[in-house]
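As provided, model10.cif (mmCIF, C-alpha atoms) reads as follows.
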data_work
#
loop_
_atom_site.label_atom_id
_atom_site.label_comp_id
_atom_site.auth_asym_id
_atom_site.auth_seq_id
_atom_site.Cartn_x
_atom_site.Cartn_y
_atom_site.Cartn_z
CA LYS M 1 19.80 -6.10 7.63
CA SER M 2 19.20 -6.52 3.93
CA THR M 3 17.86 -9.86 2.72
CA ASN M 4 18.63 -11.46 -0.62
CA GLU M 5 15.28 -10.23 -1.90
CA ASP M 6 16.15 -6.67 -0.82
CA LYS M 7 19.49 -6.88 -2.64
CA LYS M 8 17.84 -8.20 -5.80
CA LEU M 9 15.26 -5.42 -5.69
CA ARG M 10 17.97 -2.78 -5.17
CA GLN M 11 19.93 -4.12 -8.15
CA HIS M 12 16.76 -4.17 -10.26
CA ILE M 13 15.89 -0.56 -9.42
CA ASP M 14 19.47 0.66 -9.93
CA ALA M 15 19.75 -1.10 -13.29
CA LYS M 16 16.41 0.30 -14.45
CA TYR M 17 17.17 3.94 -13.65
CA ASP M 18 20.86 3.75 -14.63
CA GLU M 19 19.69 2.66 -18.07
CA GLU M 20 17.21 5.53 -18.26
CA ALA M 21 19.87 8.02 -17.13
CA ALA M 22 22.27 6.79 -19.80
CA LEU M 23 19.56 7.07 -22.45
CA ASN M 24 18.68 10.58 -21.33
CA ALA M 25 22.34 11.59 -21.45
CA SER M 26 22.55 10.41 -25.04
CA LEU M 27 19.67 12.58 -26.21
CA GLU M 28 20.39 15.82 -28.00
CA PRO M 29 19.81 18.95 -25.89
CA GLY M 30 16.40 20.46 -26.53
CA SER M 31 14.97 17.32 -28.08
CA GLY M 32 12.16 17.30 -25.51
CA SER M 33 12.47 13.54 -25.01
CA TYR M 34 13.31 13.43 -21.35
CA LEU M 35 12.30 9.96 -20.13
CA SER M 36 12.69 10.10 -16.37
CA PRO M 37 9.36 9.29 -14.66
CA VAL M 38 7.53 11.71 -12.42
CA SER M 39 8.76 11.00 -8.92
CA PRO M 40 7.49 12.21 -5.54
CA PHE M 41 10.85 11.14 -4.10
CA GLY M 42 13.04 13.40 -6.21
CA PRO M 43 15.22 12.74 -9.28
CA MET M 44 15.54 9.00 -9.79
CA SER M 45 19.10 9.52 -10.99
CA GLN M 46 20.02 10.11 -7.31
CA SER M 47 20.52 7.47 -4.62
CA THR M 48 18.19 8.86 -1.92
CA PRO M 49 15.03 8.82 -4.09
CA ARG M 50 15.93 5.31 -5.24
CA LYS M 51 16.29 4.13 -1.65
CA THR M 52 12.90 5.58 -0.78
CA LEU M 53 11.31 3.76 -3.72
CA LEU M 54 13.15 0.59 -2.65
CA TYR M 55 11.74 0.77 0.89
CA LEU M 56 8.18 1.34 -0.29
CA VAL M 57 8.24 -1.34 -2.99
CA GLY M 58 9.93 -3.82 -0.66
CA THR M 59 7.23 -3.20 1.92
CA LEU M 60 4.48 -3.80 -0.63
CA ASN M 61 6.14 -7.02 -1.77
CA SER M 62 6.30 -8.23 1.84
CA ALA M 63 2.73 -7.20 2.65
CA PHE M 64 1.28 -8.78 -0.49
CA PRO M 65 3.48 -11.79 -1.30
CA ASP M 66 1.18 -12.92 -4.13
CA TYR M 67 2.08 -9.76 -6.05
CA ASP M 68 5.32 -8.35 -7.44
CA PHE M 69 5.61 -4.57 -7.36
CA SER M 70 9.24 -4.45 -8.54
CA ASP M 71 8.37 -2.59 -11.75
CA ILE M 72 5.83 -0.21 -10.25
CA SER M 73 6.31 3.36 -11.42
CA PRO M 74 7.20 6.10 -8.93
CA ALA M 75 4.18 7.91 -10.33
CA ALA M 76 2.00 5.35 -8.51
CA PHE M 77 2.99 7.09 -5.26
CA ALA M 78 2.13 10.55 -4.00
CA LYS M 79 3.85 12.53 -1.27
CA LEU M 80 1.27 14.09 1.01
CA PRO M 81 1.98 17.56 2.39
CA ALA M 82 0.06 17.19 5.65
CA MET M 83 -1.06 14.53 8.09
CA SER M 84 -4.51 16.13 8.10
CA LEU M 85 -5.15 14.67 4.63
CA VAL M 86 -4.72 11.15 5.97
CA GLU M 87 -6.83 11.86 9.04
CA ARG M 88 -9.62 13.27 6.89
CA ARG M 89 -9.57 10.22 4.61
CA LEU M 90 -9.77 7.84 7.54
CA GLN M 91 -12.50 9.93 9.17
CA ASN M 92 -14.57 9.43 6.00
CA THR M 93 -13.88 5.70 5.70
CA LEU M 94 -12.51 3.66 8.59
CA PHE M 95 -13.88 5.94 11.33
CA ASN M 96 -17.05 7.08 9.61
CA VAL M 97 -19.71 7.31 12.32
CA SER M 98 -21.98 9.99 10.88
CA GLU M 99 -25.08 7.75 10.97
CA THR M 100 -24.76 5.87 14.24
CA SER M 101 -25.65 6.23 17.89
CA ALA M 102 -23.90 8.67 20.22
CA GLY M 103 -22.47 5.81 22.25
CA ARG M 104 -20.98 4.08 19.24
CA ARG M 105 -19.71 7.40 17.91
CA HIS M 106 -17.86 7.99 21.18
CA ARG M 107 -16.26 4.53 21.08
CA VAL M 108 -15.13 4.95 17.48
CA GLN M 109 -13.69 8.39 18.20
CA ALA M 110 -11.79 6.91 21.13
CA MET M 111 -10.46 4.18 18.83
CA HIS M 112 -9.45 6.85 16.31
CA ALA M 113 -7.42 8.66 18.96
CA ALA M 114 -5.89 5.40 20.21
CA VAL M 115 -4.80 4.33 16.71
CA TRP M 116 -2.98 7.57 15.98
CA SER M 117 -1.43 7.62 19.44
CA ALA M 118 -0.04 4.11 18.88
CA VAL M 119 1.31 5.02 15.43
CA ASP M 120 2.86 8.24 16.71
CA GLU M 121 4.56 6.39 19.56
CA VAL M 122 6.29 4.11 17.05
CA ILE M 123 7.14 6.50 14.23
CA HIS M 124 6.91 10.12 15.53
CA LEU M 125 4.49 11.41 12.89
CA ALA M 126 5.69 15.01 13.08
CA ASP M 127 9.07 13.91 11.69
CA CYS M 128 7.69 11.70 8.91
CA ASP M 129 7.42 11.95 5.18
CA ILE M 130 3.99 10.62 4.22
CA TYR M 131 3.43 8.71 1.00
CA GLU M 132 0.29 7.20 -0.47
CA PHE M 133 0.26 4.28 -2.88
CA GLN M 134 -2.33 5.07 -5.58
CA PRO M 135 -2.46 1.93 -7.72
CA ASP M 136 -4.24 1.55 -11.02
CA PRO M 137 -6.68 -1.40 -11.33
CA GLU M 138 -3.95 -3.67 -12.71
CA SER M 139 -1.66 -3.20 -9.71
CA GLU M 140 -4.34 -2.85 -7.01
CA PRO M 141 -3.75 -5.74 -4.57
CA ASP M 142 -7.20 -5.54 -2.99
CA VAL M 143 -9.34 -5.59 -6.12
CA GLU M 144 -12.20 -8.02 -5.67
CA GLU M 145 -15.90 -8.18 -6.23
CA GLY M 146 -17.73 -6.07 -3.66
CA GLY M 147 -14.75 -3.89 -2.75
CA LEU M 148 -15.86 -0.52 -1.38
CA TRP M 149 -12.65 1.32 -0.58
CA SER M 150 -9.02 0.78 0.32
CA PHE M 151 -6.02 2.90 1.25
CA TYR M 152 -2.25 2.42 1.48
CA TYR M 153 -0.19 4.91 3.49
CA PHE M 154 3.50 4.92 4.38
CA PHE M 155 4.95 6.94 7.26
CA PHE M 156 8.71 7.19 6.77
CA ASN M 157 10.90 8.62 9.52
CA ARG M 158 14.36 9.08 8.01
CA LYS M 159 15.94 10.04 11.33
CA LEU M 160 14.80 6.81 12.96
CA LYS M 161 15.30 4.83 9.73
CA ARG M 162 11.84 3.41 10.32
CA LEU M 163 8.77 2.96 8.14
CA VAL M 164 5.16 2.17 9.08
CA PHE M 165 2.77 0.80 6.44
CA PHE M 166 -0.88 1.54 7.24
CA THR M 167 -3.46 -0.11 5.00
CA CYS M 168 -7.10 -1.11 5.21
CA ARG M 169 -9.91 -2.15 2.90
CA ALA M 170 -13.70 -2.46 3.13
CA VAL M 171 -15.74 -5.11 1.34
CA SER M 172 -19.51 -5.26 1.05
CA TYR M 173 -21.15 -7.85 3.29
CA MET M 174 -22.91 -9.06 0.13
CA ALA M 175 -19.65 -9.85 -1.63
CA PRO M 176 -18.83 -13.55 -2.16
CA VAL M 177 -16.41 -14.97 0.38
CA GLN M 178 -12.90 -15.42 -0.99
CA PRO M 179 -11.24 -18.85 -0.55
CA GLU M 180 -8.48 -17.42 1.65
CA GLU M 181 -11.13 -15.96 3.99
CA LEU M 182 -12.77 -19.32 4.72
CA PRO M 183 -11.86 -21.26 7.88
CA GLN M 184 -9.68 -24.23 7.03
CA GLU M 185 -12.38 -26.73 8.02
CA SER M 186 -14.88 -25.03 5.70
CA MET M 187 -12.42 -25.26 2.81
CA ASP M 188 -11.82 -28.95 3.58
CA ASP M 189 -15.56 -29.64 3.58
CA ALA M 190 -15.99 -27.81 0.28
CA MET M 191 -13.19 -29.84 -1.30
CA GLU M 192 -14.62 -33.16 -0.05
CA GLU M 193 -18.24 -32.49 -0.98
CA PRO M 194 -19.10 -34.50 -4.15
CA LEU M 195 -20.41 -32.66 -7.16
CA ASP M 196 -24.02 -33.40 -8.13
CA PHE M 197 -24.52 -33.56 -11.87
CA THR M 198 -28.10 -34.92 -11.70
CA SER M 199 -30.95 -32.95 -13.20
CA ASP M 200 -34.41 -32.36 -11.85
CA THR M 201 -35.93 -32.41 -15.34
#

Mind turning the file's structure into structure tokens?
Amino acid sequence: KSTNEDKKLRQHIDAKYDEEAALNASLEPGSGSYLSPVSPFGPMSQSTPRKTLLYLVGTLNSAFPDYDFSDISPAAFAKLPAMSLVERRLQNTLFNVSETSAGRRHRVQAMHAAVWSAVDEVIHLADCDIYEFQPDPESEPDVEEGGLWSFYYFFFNRKLKRLVFFTCRAVSYMAPVQPEELPQESMDDAMEEPLDFTSDT
């Protein structure tokens, strides 16, 4: 069931691309000024590509409530032709065990198989369109000091009308702890601790 936020986002997207379509229609043939953005979903003048963009943007807004992705360009997404591309990326990041013990390697490989089995049970990967969010630094929700890598994948099963958002990030252990990552009691202690403005000199 659509929420008020979903309806507002749908109206925003429709208004944006209706305006572009009207502007394109007003251009003289052969002028070379076609303004429709590159879209992995199809022509944005059509309803199905707009709905796909709506689902992905709405999911990002829900997953990262401190950000607003309403004006993100369709060009920030890529449609992946094969599940193997996602598996390879995760094998090189989340499940990278090239320099560890045989026992740990076995456990991680078992976790790898369990993760994909769980996702497949929910979404039926063979029937999915796969999209990747490829943000620039200004729209990257996980940009922070010490960030190593991050990924944002969407598995969209149109038959089931279901979407799974799969995201993860890695941060260096040397990176400063973010306020939202502190236990509440640690934050309270930090707030109550008086500042010392004395000098040793």

*asked:* Which residues are close to M:Arg158, i.e. within 12 Å by all atoms listed in the file, leaving aside same-chain residues fewer than 2 positions away? Reply as number ranges by chain.
replied: M: 48, 51-52, 55, 123-130, 155-156, 160-164

*atom CA of M:Ser70 and atom CA of M:Gln11, how far apart in Å?*
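Between these atoms lies a distance of 10.7 Å.
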
_Atomic distance atom CA of M:Lys8 - atom CA of M:Leu80, expressed in Å with one decimal_ = 28.6 Å

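Take the candidates M:Glu121, M:Glu140, M:Asp6, M:Asp18 and check each one against M:Phe64 using only C-alpha atoms; the shortest distance goes to M:Glu140.
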
*Given only C-alpha atoms as the counted atoms, nearest of M:Val119, M:Ser62, M:Tyr173, M:Gln91 to M:Thr3*: M:Ser62

*Separation of atom CA of M:Pro74 and atom CA of M:Leu94, in Å?*
26.5 Å

*Identify which of the residues M:Val57, M:Ala102, M:Leu90, M:Ala78 lies closest to M:Arg169, counting all atoms listed in the file when measuring atom-to-atom distances.*
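Going through M:Val57, M:Ala102, M:Leu90, M:Ala78 one by one, the smallest distance to M:Arg169 is for M:Leu90.
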
*Would you translate the PyMOL selection byres ((chain M and resi 166) around 7) into the concrete set of residues it matches in this file, as a list in words?*
Tyr152, Tyr153, Phe154, Val164, Phe165 and Thr167 of chain M

*All residues 10 Å or closer to stretch 42-47 of chain M, all atoms listed in the file, same chain fewer than 6 positions away omitted, as an MDAnalysis selection string*: chainID M and resid 13:14 16:22 36 53 74

*Translate the PyMOL selection byres ((chain M and resi 138) around 12), as applied to the file shown, into an explicit residue set as a PyMOL selection string.*
chain M and resi 67-69+72+76+134-137+139-144

*Taking only C-alpha atoms into account, which of M:Thr93, M:Gln109, M:Trp116, M:Leu56 comes nearest M:Leu148?*
M:Thr93

Would you compute the box with edges along x, y and z of the file around stretch 138-147 of chain M, including every atom the file lists for it and 6 Å extra on each side, and give its centre and edge lengths in Å to one decimal, as AutoDock Vina command-line options?
--center_x -9.7 --center_y -5.5 --center_z -7.7 --size_x 28.1 --size_y 17.3 --size_z 22.0

_I'd like to know which of M:Ser117, M:Ser84, M:Ser172, M:Asn92 is closest to M:Phe151, using only C-alpha atoms._
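Ranked by minimum distance to M:Phe151, first place goes to M:Asn92.
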
_Given all atoms listed in the file as the counted atoms, nearest of M:Pro40, M:Met83, M:Ala63, M:Arg50 to M:Ala15_ =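 For M:Ala15, the nearest of the given residues is M:Arg50.
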